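**Q** Structure file final02.txt (compact mmCIF, C-alpha atoms) right here:
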```
# COMPACT_ATOMS: atom_id res chain seq x y z
CA MET A 551 0.00 0.00 0.00
CA LYS A 552 1.30 3.42 -0.93
CA VAL A 553 0.32 6.44 1.15
CA ILE A 554 1.04 10.04 0.22
CA VAL A 555 0.83 12.73 2.91
CA ILE A 556 0.65 16.29 1.59
CA GLY A 557 2.00 18.87 4.05
CA GLY A 558 5.03 18.77 6.35
CA GLY A 559 3.47 20.36 9.42
CA ALA A 560 2.29 18.94 12.74
CA ALA A 561 -0.74 17.07 11.36
CA GLY A 562 1.13 15.74 8.33
CA PHE A 563 4.01 14.36 10.37
CA PHE A 564 1.72 12.85 12.99
CA GLY A 565 -0.45 11.19 10.34
CA ALA A 566 2.57 9.84 8.45
CA ILE A 567 4.28 8.51 11.60
CA THR A 568 1.08 6.92 12.94
CA CYS A 569 0.38 5.18 9.64
CA ALA A 570 3.95 3.95 9.12
CA GLN A 571 4.28 2.66 12.69
CA ALA A 572 0.91 0.87 12.62
CA ASN A 573 1.52 -0.70 9.20
CA PRO A 574 5.22 -1.36 8.53
CA ASP A 575 4.31 -2.70 5.07
CA ALA A 576 2.90 0.67 3.98
CA GLU A 577 5.10 2.89 1.83
CA VAL A 578 4.54 6.36 3.31
CA VAL A 579 5.76 9.44 1.43
CA LEU A 580 5.43 12.95 2.92
CA LEU A 581 5.52 15.92 0.52
CA GLU A 582 6.23 19.51 1.63
CA LYS A 583 6.07 22.30 -0.96
CA THR A 584 8.54 24.57 0.85
CA ASN A 585 12.03 23.71 2.03
CA LYS A 586 11.00 24.07 5.68
CA LEU A 587 9.55 21.22 7.69
CA LEU A 588 7.41 21.80 10.80
CA ALA A 589 7.64 25.58 10.37
CA LYS A 590 4.72 26.36 12.67
CA VAL A 591 5.96 23.96 15.34
CA LEU A 592 9.26 25.83 15.41
CA VAL A 593 7.79 29.35 15.79
CA SER A 594 4.84 28.60 18.07
CA GLY A 595 4.83 29.68 21.69
CA GLY A 596 7.66 32.11 21.10
CA GLY A 597 9.91 29.28 19.91
CA ARG A 598 8.95 26.97 22.78
CA CYS A 599 6.08 25.06 21.08
CA ASN A 600 2.81 25.00 23.03
CA VAL A 601 2.25 21.26 22.42
CA THR A 602 -1.15 20.89 24.08
CA HIS A 603 -3.24 22.04 27.06
CA ASN A 604 -3.58 20.46 30.50
CA CYS A 605 -7.21 19.49 29.94
CA PHE A 606 -7.57 15.71 29.96
CA SER A 607 -11.35 15.33 29.69
CA PRO A 608 -12.80 15.24 26.14
CA GLY A 609 -15.87 17.36 26.97
CA PRO A 610 -14.13 20.35 28.56
CA LEU A 611 -11.25 20.11 26.04
CA SER A 612 -13.64 20.34 23.08
CA GLN A 613 -15.18 23.54 24.47
CA HIS A 614 -12.05 25.47 23.50
CA TYR A 615 -12.85 25.18 19.78
CA PRO A 616 -15.07 27.88 18.25
CA ARG A 617 -15.40 25.61 15.22
CA GLY A 618 -15.30 21.81 15.38
CA ALA A 619 -16.18 21.34 19.06
CA LYS A 620 -18.85 18.65 18.67
CA PRO A 621 -16.98 16.20 16.38
CA LEU A 622 -13.72 16.78 18.29
CA LYS A 623 -15.36 15.74 21.55
CA GLU A 624 -15.70 12.21 20.16
CA ALA A 625 -12.26 12.31 18.55
CA PHE A 626 -10.62 13.29 21.85
CA LYS A 627 -11.98 10.09 23.42
CA THR A 628 -9.61 8.20 21.12
CA PHE A 629 -6.65 10.58 21.17
CA GLY A 630 -6.79 13.59 23.46
CA ALA A 631 -4.36 15.67 25.49
CA GLN A 632 -3.38 12.78 27.79
CA GLU A 633 -2.53 10.59 24.80
CA THR A 634 -0.43 13.43 23.37
CA VAL A 635 1.55 13.79 26.61
CA THR A 636 2.07 10.01 26.80
CA TRP A 637 3.11 9.81 23.12
CA PHE A 638 5.87 12.38 23.51
CA GLU A 639 7.02 11.15 26.91
CA GLN A 640 7.35 7.58 25.61
CA ARG A 641 9.75 9.04 23.06
CA GLY A 642 11.86 10.84 25.64
CA VAL A 643 10.19 14.28 25.45
CA LYS A 644 8.85 15.35 28.83
CA LEU A 645 6.22 18.10 28.96
CA LYS A 646 5.52 20.59 31.73
CA THR A 647 2.37 22.53 32.60
CA GLU A 648 2.40 26.29 33.15
CA ALA A 649 0.04 28.19 35.45
CA ASP A 650 -2.44 28.90 32.64
CA GLY A 651 -2.63 25.25 31.57
CA ARG A 652 -0.41 25.47 28.50
CA MET A 653 2.01 22.58 28.09
CA PHE A 654 5.56 22.91 26.75
CA PRO A 655 8.59 20.64 26.47
CA VAL A 656 10.70 20.94 29.64
CA THR A 657 13.53 22.16 27.39
CA ASP A 658 11.48 25.27 26.51
CA ASN A 659 12.71 24.71 22.96
CA SER A 660 10.43 23.89 20.02
CA GLN A 661 13.35 22.20 18.28
CA THR A 662 12.89 19.36 20.80
CA ILE A 663 9.43 18.64 19.38
CA ALA A 664 10.56 19.00 15.76
CA ASP A 665 13.54 16.70 16.33
CA CYS A 666 11.30 14.08 17.96
CA LEU A 667 8.88 14.09 15.01
CA LEU A 668 11.68 13.97 12.44
CA GLN A 669 13.38 11.12 14.27
CA GLU A 670 10.16 9.11 14.60
CA ALA A 671 9.38 9.62 10.91
CA ARG A 672 12.84 8.39 9.91
CA LYS A 673 12.64 5.40 12.29
CA ALA A 674 9.23 4.47 10.87
CA GLY A 675 10.58 4.60 7.32
CA VAL A 676 8.65 7.65 6.12
CA THR A 677 10.15 9.14 2.94
CA ILE A 678 10.26 12.95 3.23
CA LYS A 679 10.47 15.16 0.14
CA THR A 680 10.75 18.95 0.41
CA GLY A 681 10.30 21.52 -2.34
CA VAL A 682 7.53 19.37 -3.84
CA GLY A 683 4.20 21.12 -4.33
CA VAL A 684 0.91 19.50 -5.35
CA SER A 685 -1.34 21.20 -7.93
CA ARG A 686 -4.27 18.77 -7.98
CA ILE A 687 -5.46 15.26 -7.16
CA THR A 688 -7.34 12.91 -9.47
CA PRO A 689 -9.38 10.35 -7.51
CA PRO A 690 -9.65 6.71 -8.61
CA ASP A 691 -12.10 6.04 -11.45
CA PRO A 692 -12.87 2.33 -11.94
CA THR A 693 -14.81 3.09 -15.15
CA ILE A 694 -11.50 3.82 -16.90
CA ASN A 695 -9.61 1.22 -14.87
CA GLN A 696 -7.80 3.89 -12.82
CA LEU A 697 -7.62 2.28 -9.38
CA SER A 698 -5.24 4.70 -7.62
CA PHE A 699 -5.16 8.37 -6.76
CA ILE A 700 -3.05 10.43 -9.12
CA VAL A 701 -1.19 13.22 -7.30
CA HIS A 702 -0.18 15.90 -9.82
CA LEU A 703 2.95 17.76 -8.74
CA SER A 704 3.70 21.42 -9.45
CA ASN A 705 6.74 20.42 -11.54
CA GLY A 706 4.51 18.57 -14.00
CA THR A 707 5.21 15.03 -12.80
CA GLU A 708 2.76 12.60 -11.19
CA LEU A 709 2.71 10.15 -8.30
CA THR A 710 0.15 7.44 -7.58
CA ALA A 711 -1.19 6.41 -4.17
CA ASP A 712 -3.74 4.09 -2.61
CA GLU A 713 -4.39 6.54 0.24
CA VAL A 714 -3.88 10.29 0.38
CA LEU A 715 -3.78 12.50 3.49
CA ILE A 716 -4.11 16.25 2.96
CA CYS A 717 -2.56 18.39 5.72
CA THR A 718 -1.87 21.65 3.90
CA GLY A 719 -2.96 23.91 6.78
CA GLY A 720 -5.24 26.91 6.85
CA ASN A 721 -5.13 29.39 4.00
CA PRO A 722 -5.91 33.10 4.35
CA LYS A 723 -7.25 33.25 0.77
CA ALA A 724 -10.27 31.36 -0.50
CA THR A 725 -8.40 30.64 -3.75
CA GLY A 726 -5.95 28.54 -1.73
CA TYR A 727 -8.67 25.90 -1.51
CA ASP A 728 -9.58 25.84 -5.22
CA TRP A 729 -7.70 22.59 -5.85
CA LEU A 730 -9.76 20.94 -3.11
CA ARG A 731 -13.02 22.40 -4.42
CA GLU A 732 -12.28 20.53 -7.65
CA LEU A 733 -12.74 17.32 -5.66
CA GLY A 734 -16.30 18.38 -4.86
CA HIS A 735 -15.58 19.24 -1.23
CA PRO A 736 -17.45 22.34 -0.06
CA ILE A 737 -15.23 24.92 1.64
CA GLN A 738 -16.14 27.16 4.55
CA GLU A 739 -14.68 30.52 3.50
CA PRO A 740 -11.49 31.32 5.43
CA VAL A 741 -11.38 34.34 7.71
CA PRO A 742 -8.67 35.29 10.25
CA SER A 743 -8.82 34.05 13.82
CA LEU A 744 -6.49 34.87 16.74
CA PHE A 745 -5.72 38.55 16.21
CA THR A 746 -5.31 41.68 18.31
CA PHE A 747 -7.53 44.78 18.24
CA ASN A 748 -6.31 47.99 16.64
CA VAL A 749 -7.63 51.11 18.40
CA PRO A 750 -6.27 54.21 16.60
CA GLY A 751 -7.81 56.61 19.16
CA ASN A 752 -6.87 54.50 22.16
CA PRO A 753 -7.29 56.68 25.28
CA LEU A 754 -4.65 54.57 27.04
CA LYS A 755 -2.03 54.57 24.28
CA GLU A 756 0.61 56.04 26.62
CA LEU A 757 0.28 52.97 28.85
CA MET A 758 1.58 50.45 26.31
CA GLY A 759 3.16 47.46 28.00
CA ILE A 760 0.86 47.57 31.02
CA SER A 761 -1.19 44.43 31.59
CA VAL A 762 -3.85 43.37 34.06
CA PRO A 763 -4.20 39.69 35.00
CA HIS A 764 -8.01 39.66 34.90
CA ALA A 765 -10.22 41.84 32.72
CA LYS A 766 -13.36 41.25 30.67
CA VAL A 767 -13.74 42.42 27.07
CA ARG A 768 -17.29 42.59 25.69
CA ILE A 769 -18.45 43.57 22.21
CA ALA A 770 -21.23 46.17 22.18
CA GLY A 771 -24.43 44.83 20.63
CA GLN A 772 -23.21 41.21 20.68
CA LYS A 773 -23.23 38.33 23.15
CA LEU A 774 -19.47 38.02 22.67
CA GLU A 775 -17.27 38.45 25.75
CA TYR A 776 -14.16 36.89 27.24
CA GLU A 777 -12.27 37.19 30.51
CA GLY A 778 -8.54 36.87 31.00
CA PRO A 779 -5.25 38.76 31.01
CA LEU A 780 -5.35 41.99 28.97
CA LEU A 781 -2.37 43.85 27.53
CA ILE A 782 -2.30 47.49 26.40
CA THR A 783 -0.17 47.89 23.26
CA HIS A 784 0.94 50.86 21.19
CA TRP A 785 -1.67 49.93 18.55
CA GLY A 786 -4.53 48.88 20.85
CA TYR A 787 -5.20 45.77 22.95
CA SER A 788 -3.86 42.23 23.07
CA GLY A 789 -3.42 39.41 25.58
CA PRO A 790 -5.44 36.20 26.00
CA ALA A 791 -8.74 38.03 26.65
CA VAL A 792 -8.58 39.67 23.20
CA LEU A 793 -7.01 36.77 21.29
CA LYS A 794 -9.56 34.26 22.54
CA LEU A 795 -12.42 36.67 21.91
CA SER A 796 -11.15 37.15 18.36
CA ALA A 797 -11.42 33.39 17.77
CA TRP A 798 -15.00 33.15 19.04
CA GLY A 799 -16.05 36.22 17.07
CA ALA A 800 -13.95 35.57 13.95
CA ARG A 801 -16.84 35.46 11.46
CA ILE A 802 -18.80 38.27 13.10
CA PHE A 803 -15.75 40.58 13.21
CA HIS A 804 -15.05 39.77 9.55
CA GLN A 805 -18.62 40.71 8.60
CA GLN A 806 -18.21 43.99 10.50
CA ASN A 807 -14.97 44.69 8.62
CA TYR A 808 -13.16 44.76 11.99
CA SER A 809 -14.95 47.95 12.99
CA PHE A 810 -16.86 47.74 16.28
CA THR A 811 -17.02 48.99 19.86
CA ALA A 812 -15.33 46.96 22.60
CA LEU A 813 -16.24 47.54 26.26
CA ILE A 814 -13.46 46.85 28.74
CA ASN A 815 -14.25 45.88 32.31
CA TRP A 816 -11.07 46.27 34.38
CA ILE A 817 -12.56 44.71 37.52
CA PRO A 818 -14.94 41.92 36.39
CA THR A 819 -15.18 40.49 39.92
CA HIS A 820 -17.38 43.50 40.79
CA SER A 821 -20.97 44.23 39.87
CA GLU A 822 -21.94 47.88 39.54
CA GLU A 823 -23.68 47.67 42.91
CA SER A 824 -20.70 46.15 44.73
CA LEU A 825 -18.34 48.64 43.05
CA ARG A 826 -20.41 51.64 44.17
CA THR A 827 -20.58 50.22 47.70
CA GLU A 828 -16.80 49.76 47.81
CA LEU A 829 -16.14 53.26 46.50
CA GLN A 830 -18.52 54.71 49.10
CA ASN A 831 -16.88 52.71 51.90
CA TYR A 832 -13.42 53.85 50.79
CA ARG A 833 -14.61 57.44 50.65
CA GLN A 834 -15.89 57.25 54.23
CA ALA A 835 -12.74 55.52 55.49
CA HIS A 836 -10.24 57.76 53.65
CA PRO A 837 -11.96 61.11 53.00
CA LYS A 838 -8.68 63.08 52.82
CA LYS A 839 -6.88 60.78 50.41
CA THR A 840 -6.34 62.07 46.87
CA VAL A 841 -8.41 60.05 44.38
CA THR A 842 -5.94 60.04 41.48
CA THR A 843 -2.84 58.95 43.42
CA ASN A 844 -4.32 56.09 45.48
CA PRO A 845 -5.16 53.21 43.15
CA LEU A 846 -7.85 50.72 44.15
CA PHE A 847 -8.60 47.12 43.12
CA ASN A 848 -4.89 46.30 42.67
CA LEU A 849 -4.83 48.22 39.39
CA PRO A 850 -1.45 49.56 38.25
CA GLN A 851 -0.86 53.16 39.39
CA ARG A 852 -0.59 54.54 35.83
CA LEU A 853 -3.74 52.75 34.69
CA TRP A 854 -5.71 54.03 37.71
CA LYS A 855 -4.49 57.56 37.03
CA ALA A 856 -5.54 57.29 33.36
CA LEU A 857 -9.00 55.99 34.29
CA THR A 858 -9.52 58.87 36.75
CA THR A 859 -8.50 61.25 33.96
CA LEU A 860 -11.16 59.68 31.73
CA ALA A 861 -13.61 60.29 34.58
CA GLU A 862 -12.53 63.98 34.50
CA ILE A 863 -11.38 63.89 38.13
CA GLN A 864 -9.01 66.75 38.95
CA SER A 865 -5.54 65.71 40.11
CA GLU A 866 -5.95 67.33 43.57
CA THR A 867 -9.51 66.07 44.26
CA LYS A 868 -9.90 64.27 47.59
CA TRP A 869 -12.44 61.52 48.14
CA ALA A 870 -14.54 63.72 50.47
CA GLU A 871 -14.87 66.31 47.68
CA MET A 872 -15.62 63.89 44.83
CA PRO A 873 -18.73 65.03 42.89
CA ALA A 874 -21.37 62.39 42.14
CA LYS A 875 -21.07 62.90 38.37
CA ASN A 876 -17.34 62.06 38.50
CA THR A 877 -18.05 58.98 40.61
CA ASN A 878 -20.50 57.87 37.91
CA LYS A 879 -17.88 58.44 35.22
CA LEU A 880 -15.29 56.49 37.20
CA VAL A 881 -17.73 53.58 37.50
CA GLU A 882 -18.19 53.69 33.70
CA ALA A 883 -14.42 53.78 33.09
CA LEU A 884 -13.84 50.83 35.42
CA LEU A 885 -16.70 48.62 34.22
CA ARG A 886 -17.47 49.72 30.65
CA MET A 887 -14.60 51.65 29.11
CA ALA A 888 -15.58 51.96 25.45
CA VAL A 889 -12.91 51.78 22.75
CA GLU A 890 -13.50 51.96 18.99
CA VAL A 891 -11.78 49.07 17.24
CA LYS A 892 -10.70 49.79 13.67
CA GLY A 893 -8.83 46.84 12.22
CA LYS A 894 -6.71 43.98 13.51
CA THR A 895 -3.12 42.81 13.74
CA THR A 896 -2.02 39.21 13.20
CA PHE A 897 -0.77 37.66 16.43
CA LYS A 898 2.99 37.07 16.01
CA GLU A 899 3.76 34.49 13.30
CA GLU A 900 0.93 32.24 14.38
CA PHE A 901 -1.57 32.91 11.62
CA VAL A 902 -4.72 30.93 12.30
CA THR A 903 -7.76 30.86 10.07
CA CYS A 904 -11.22 29.56 10.65
CA GLY A 905 -12.66 27.97 7.54
CA GLY A 906 -11.53 25.11 5.34
CA ILE A 907 -12.96 21.70 4.42
CA ASP A 908 -16.60 21.48 5.52
CA LEU A 909 -16.76 18.83 8.28
CA SER A 910 -20.12 17.47 7.09
CA HIS A 911 -18.31 15.76 4.21
CA VAL A 912 -15.68 14.10 6.43
CA ASN A 913 -16.04 10.99 8.59
CA MET A 914 -14.62 12.38 11.83
CA LYS A 915 -13.83 8.91 13.20
CA THR A 916 -11.35 8.21 10.36
CA MET A 917 -10.90 11.74 8.87
CA GLU A 918 -11.86 10.14 5.53
CA SER A 919 -13.69 11.98 2.78
CA ARG A 920 -17.31 10.92 2.37
CA LEU A 921 -16.97 11.68 -1.35
CA HIS A 922 -13.72 9.86 -2.15
CA PRO A 923 -12.80 6.74 -0.10
CA GLY A 924 -9.07 6.73 0.60
CA LEU A 925 -8.81 10.53 0.76
CA HIS A 926 -8.23 11.89 4.27
CA PHE A 927 -7.80 15.32 5.88
CA ALA A 928 -6.11 16.46 9.10
CA GLY A 929 -5.12 19.72 10.81
CA GLU A 930 -6.06 23.26 9.92
CA VAL A 931 -7.09 22.47 6.34
CA LEU A 932 -10.33 21.39 8.06
CA ASP A 933 -12.88 23.91 9.33
CA ILE A 934 -11.55 23.43 12.87
CA ASP A 935 -9.79 26.03 14.99
CA GLY A 936 -9.12 26.48 18.66
CA ILE A 937 -8.40 29.44 20.85
CA THR A 938 -4.81 30.17 21.83
CA GLY A 939 -3.27 27.83 24.42
CA GLY A 940 -2.15 24.67 22.62
CA PHE A 941 -5.56 23.73 21.26
CA ASN A 942 -4.75 24.03 17.55
CA PHE A 943 -1.78 21.69 17.93
CA GLN A 944 -3.95 19.24 19.87
CA ALA A 945 -6.44 19.20 16.99
CA ALA A 946 -3.52 18.52 14.62
CA TRP A 947 -2.22 15.59 16.70
CA THR A 948 -5.72 14.15 17.11
CA THR A 949 -6.86 14.38 13.48
CA GLY A 950 -3.43 13.25 12.25
CA TYR A 951 -3.56 10.22 14.54
CA LEU A 952 -7.09 9.25 13.47
CA ALA A 953 -6.25 9.61 9.77
CA GLY A 954 -2.96 7.72 10.10
CA SER A 955 -4.61 4.88 12.05
CA ALA A 956 -7.45 4.58 9.53
CA MET A 957 -5.07 4.46 6.55
CA ALA A 958 -2.86 1.86 8.23
CA ALA A 959 -5.87 -0.38 8.82
CA LYS A 960 -6.76 -0.49 5.12
CA PRO A 961 -6.15 -3.88 3.46
```
Can you dump the structure from the file as structure tokens?

**A**
Amino acid sequence: MKVIVIGGGAAGFFGAITCAQANPDAEVVLLEKTNKLLAKVLVSGGGRCNVTHNCFSPGPLSQHYPRGAKPLKEAFKTFGAQETVTWFEQRGVKLKTEADGRMFPVTDNSQTIADCLLQEARKAGVTIKTGVGVSRITPPDPTINQLSFIVHLSNGTELTADEVLICTGGNPKATGYDWLRELGHPIQEPVPSLFTFNVPGNPLKELMGISVPHAKVRIAGQKLEYEGPLLITHWGYSGPAVLKLSAWGARIFHQQNYSFTALINWIPTHSEESLRTELQNYRQAHPKKTVTTNPLFNLPQRLWKALTTLAEIQSETKWAEMPAKNTNKLVEALLRMAVEVKGKTTFKEEFVTCGGIDLSHVNMKTMESRLHPGLHFAGEVLDIDGITGGFNFQAAWTTGYLAGSAMAAKP
């Protein structure tokens, strides 16, 4: 049996290795159009590779995927985060868990993961070819006695295969999926996911670099909101709260042309009622303290000062002298600071798209096409994407494993 895997990223390598290890008689060939293997593995997590997330139950793990959650829940029962950790550790790569649940190799070096995958592929007998692009695939057609897939290469030559696994990743342009549309597979249009918010008129621009460990970002007029660390940047806002929100709202933000109002709550543990009570209590306890120079709620001094400025509180105002209208404005600034988002910025090198192969035409137990038996998909080429935190790699390992196992089991 000859297997061709298209794409030398995380899903492609995992599918190729799984297939070759489970069926030593299979001839597995991996094709990568560039000269770089495992490029995303090497740059992810700031060069440390966020392998997976410390979430070992299929249900809760699947809830971190804006698209693909339901089918992944079943898939994770076969190969989830625990299986990923075990797989790498059995091959000498220990993983560690950070405070936010992200898991990295103990070496803090993504090269460790890349080396492990390359070594396993070589040991399993996978043939790796770089600089080999694929232009189209012709499925088997028994009516003309063509019993194999024909893989047409960009250089004009052809390869044949009994099984084909496509792991070409997400593509920012819809035209990047044209060669797959030719196979009859419907495509969910790609739009960006995981991006930061650009706020040209950011009232807090001078505070770039300041972060708060727990804020809530809500989108005006939508049910979209997310809590987590928030970072003020020179172009707007970033940090997990924004990045994760961008994933959940990817299609909505695209429809709005990335122009919307975000409401920032700097102290989400407070309701408006409890906040007003606390401010009143502080006022009674410290009437002579200056409002602007005594930050509350563990907020950074410069951020507190900026929020009091937004509330139009004079620099020398003491709590005993604070007018009610300024208290109201301070409450607004703390709980609902409105910023006008105009555009987005891609998060580091980790471009993630939502969109890709429509899951309704894929058997999610085997990752096999429902239109062409023997054709499989894995990784971001599918309409699956997770929020930041190791979830996209976990989807790659899982779908690669399922596809590789299914191909290996073919007679």

**Q** Of the residues A:Ile716, A:Thr783, A:Phe941, A:Asn878, which is the one nearest to Pro610 in chain A, using all atoms listed in the file?

**A**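 Ranked by minimum distance to Pro610 in chain A, first place goes to A:Phe941.
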
**Q** For Thr948 in chain A, which of A:Val601, A:Gln571, A:Trp869, A:Thr634 is the closest residue, counting only C-alpha atoms?

**A**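 Using only C-alpha atoms, the shortest distance to Thr948 in chain A belongs to A:Thr634.
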
**Q** Identify which of the residues A:Ala770, A:Val593, A:Pro689, A:Ala572 lies closest to Gly675 in chain A, counting only C-alpha atoms when measuring atom-to-atom distances.

**A**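 Closest to Gly675 in chain A, using only C-alpha atoms: A:Ala572.
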
**Q** Calculated over all atoms listed in the file, which of the candidates A:Gln864, A:Ser743, A:Gln613, A:Asn721 has the smallest distance to Ala797 in chain A?

**A**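 The closest residue to Ala797 in chain A is A:Ser743.
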
**Q** So what do you get for CA of Val902 in chain A versus CA of Asp935 in chain A, distance-wise?

**A**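 Between CA of Val902 in chain A and CA of Asp935 in chain A the gap is 7.5 Å.
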
**Q** At a cut-off of 10 Å around the point (10.2, 19.2, 32.4) (file coordinates), what residues fall inside when counting only C-alpha atoms? I'd like the answer as a list in words.

**A**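 These residues have at least one counted atom within 10 Å: Val643, Lys644, Leu645, Lys646, Thr647, Met653, Phe654, Pro655, Val656, Thr657 and Asp658 of chain A.
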
**Q** Could you write out that same residue set with C-alpha atoms as an mmCIF file, keeping the file's coordinate frame?

**A**
```cif
data_model
loop_
_atom_site.group_PDB
_atom_site.id
_atom_site.type_symbol
_atom_site.label_atom_id
_atom_site.label_comp_id
_atom_site.auth_asym_id
_atom_site.auth_seq_id
_atom_site.Cartn_x
_atom_site.Cartn_y
_atom_site.Cartn_z
ATOM 1 C CA VAL A 643 10.190 14.280 25.450
ATOM 2 C CA LYS A 644 8.850 15.350 28.830
ATOM 3 C CA LEU A 645 6.220 18.100 28.960
ATOM 4 C CA LYS A 646 5.520 20.590 31.730
ATOM 5 C CA THR A 647 2.370 22.530 32.600
ATOM 6 C CA MET A 653 2.010 22.580 28.090
ATOM 7 C CA PHE A 654 5.560 22.910 26.750
ATOM 8 C CA PRO A 655 8.590 20.640 26.470
ATOM 9 C CA VAL A 656 10.700 20.940 29.640
ATOM 10 C CA THR A 657 13.530 22.160 27.390
ATOM 11 C CA ASP A 658 11.480 25.270 26.510
#
```
